[in-house]
Amino acid sequence: MTDNPARFEPADDNVFARIAEDYDRYCDYFSVYIQRLWKRAFAAEVASVSGDWLDLASGTGDIPARVLKSGVRSGRVDVTDICAPMLDVARTKLTQYNAAFSIVDACDMRDIPDNRYDVISMAFGMKIIDRDRALSELFRCLKPGGIFLNIEASRIGWPPLQAMYLAYMNMCLPVMGRIIAKGDPSAYSYLLRGIHDFPDGPEFADQLRNKGFEAVSFRPLTLGIVAIHKAQKPY
């Protein structure tokens, strides 16, 4: 199994630039709006950690917007993505907040010094990147004692129900992709492959431990369709 199950290479396909304006609506539709509950739960986790914060694969800025609107955290906020049009959408959501925006590739953060951030988060981006490289980079960029938070596709514990869910996604994502993304097949194919092949909660937790993280935990949401992972860089 590849460490980038979606086999997405942004240099070869600017799909997220093409769908940036419709991306939030796209996610609402194919998740039947449940993704809003997932993001609310994840934003609460991020908001609970103070200090300098790097949000990777921020996309349209949904997680930073939710966290900053809560008004409960302090510290620098860096909103980043590899796709400039997605960040443009994020800026419109965050104009009233003190956040910095930049293009950052989670797999190659050479411009970010070691031990820079107290918390690094990623929401629904790990399944379309090389997670081995990304985990190495974000581990390096966390301060000792820093926290990594991730929400991503997982697997329902009962195989028949997981099979039913995947069958729904196999049907739903292509239809939504054709309607919302104006017939662009790559607008849904990367996400679909990632959902099929991303590891389940225990397996991804083991990958985090193998990268040197400790105090690794995960919390399944909606029967395990997604999971929130939390891990700490040792002091």
# chains A, B, ... in the order shown; residues from 1 in each chain; ligands from 1
>>> select_by_dssp(residues="stretch 45-144 of chain A", states="strand (DSSP E or B)", output="compact mmCIF listing (two decimals) with C-alpha atoms, in the first residue's frame")
# COMPACT_ATOMS: atom_id res chain seq x y z
CA TRP A 53 -0.19 27.04 15.52
CA LEU A 54 0.44 25.78 11.99
CA ASP A 55 -2.59 24.50 10.10
CA LEU A 56 -1.52 22.39 7.14
CA VAL A 77 -1.76 31.33 13.49
CA ASP A 78 -0.31 30.21 10.15
CA VAL A 79 -2.91 29.15 7.59
CA THR A 80 -1.29 27.19 4.78
CA ASP A 81 -2.04 25.15 1.71
CA ALA A 100 -0.81 34.68 8.29
CA PHE A 101 -1.28 32.92 4.95
CA SER A 102 1.35 31.10 2.94
CA ILE A 103 1.88 28.36 0.39
CA ASP A 105 3.84 21.79 1.02
CA ASP A 108 8.61 19.61 2.18
CA TYR A 117 5.30 25.26 16.52
CA ASP A 118 3.38 24.31 19.65
CA VAL A 119 0.62 22.68 17.63
CA ILE A 120 0.31 21.48 14.03
CA SER A 121 -3.03 20.38 12.63
CA MET A 122 -4.33 18.86 9.44
CA ALA A 123 -7.93 18.20 8.46
CA LEU A 142 6.96 20.76 16.32
CA LYS A 143 8.53 21.99 19.54
CA PRO A 144 9.40 19.34 22.11
>>> residues_around(residues="A:Lys93", least_positions_apart="5", cutoff="10 Å", atoms="only C-alpha atoms", output="ChimeraX atom specification")
/A:60-62,64-66,87-88
>>> closest_residue(among="A:Gln96, A:Thr222, A:Ser50, A:Asn210", to="A:Leu37", atoms="only C-alpha atoms")
A:Thr222
>>> closest_residue(among="A:Ala227, A:Ala106, A:Phe213, A:Gln162", to="A:Glu137", atoms="only C-alpha atoms")
A:Ala106
>>> closest_residue(among="A:Ala153, A:Ala231, A:Leu161, A:Leu221", to="A:Ala41", atoms="only C-alpha atoms")
A:Leu221
>>> select_by_dssp(residues="stretch 116-201 of chain A", states="alpha helix (DSSP H)", output="NGL selection string")
:A and (131-141 or 159-180 or 186-197 or 201)
>>> residues_around(residues="A:Gly71", least_positions_apart="3", cutoff="10 Å", atoms="only C-alpha atoms", output="list of chain:residue names")
A:Ala47, A:Arg66, A:Val67, A:Leu68, A:Ser74, A:Tyr97
>>> closest_atom_pairs(of="stretch 137-169 of chain A", to="stretch 194-201 of chain A", cutoff="10 Å", atoms="only C-alpha atoms", output="Markdown table")
| residue | atom | partner | partner_atom | distance |
| --- | --- | --- | --- | --- |
| A:Glu152 | CA | A:Phe198 | CA | 8.4 |
| A:Ala153 | CA | A:Ile195 | CA | 5.8 |
| A:Ser154 | CA | A:Asp200 | CA | 4.7 |
| A:Arg155 | CA | A:Asp200 | CA | 5.2 |
| A:Ile156 | CA | A:Asp200 | CA | 8.4 |
| A:Gly157 | CA | A:Asp200 | CA | 9.0 |
| A:Leu166 | CA | A:His196 | CA | 7.2 |
| A:Met169 | CA | A:Ile195 | CA | 8.6 |
>>> residues_around(residues="A:Arg209", least_positions_apart="4", cutoff="12 Å", atoms="only C-alpha atoms", output="ChimeraX atom specification")
/A:135-136,139,148,202-205,213-217,229-234
>>> atom_distance(atom1="atom CA of A:Leu192", atom2="atom CA of A:Tyr33")
17.4 Å
>>> closest_residue(among="A:Asn115, A:Tyr165, A:Arg131, A:Leu173", to="A:Tyr235", atoms="only C-alpha atoms")
A:Asn115
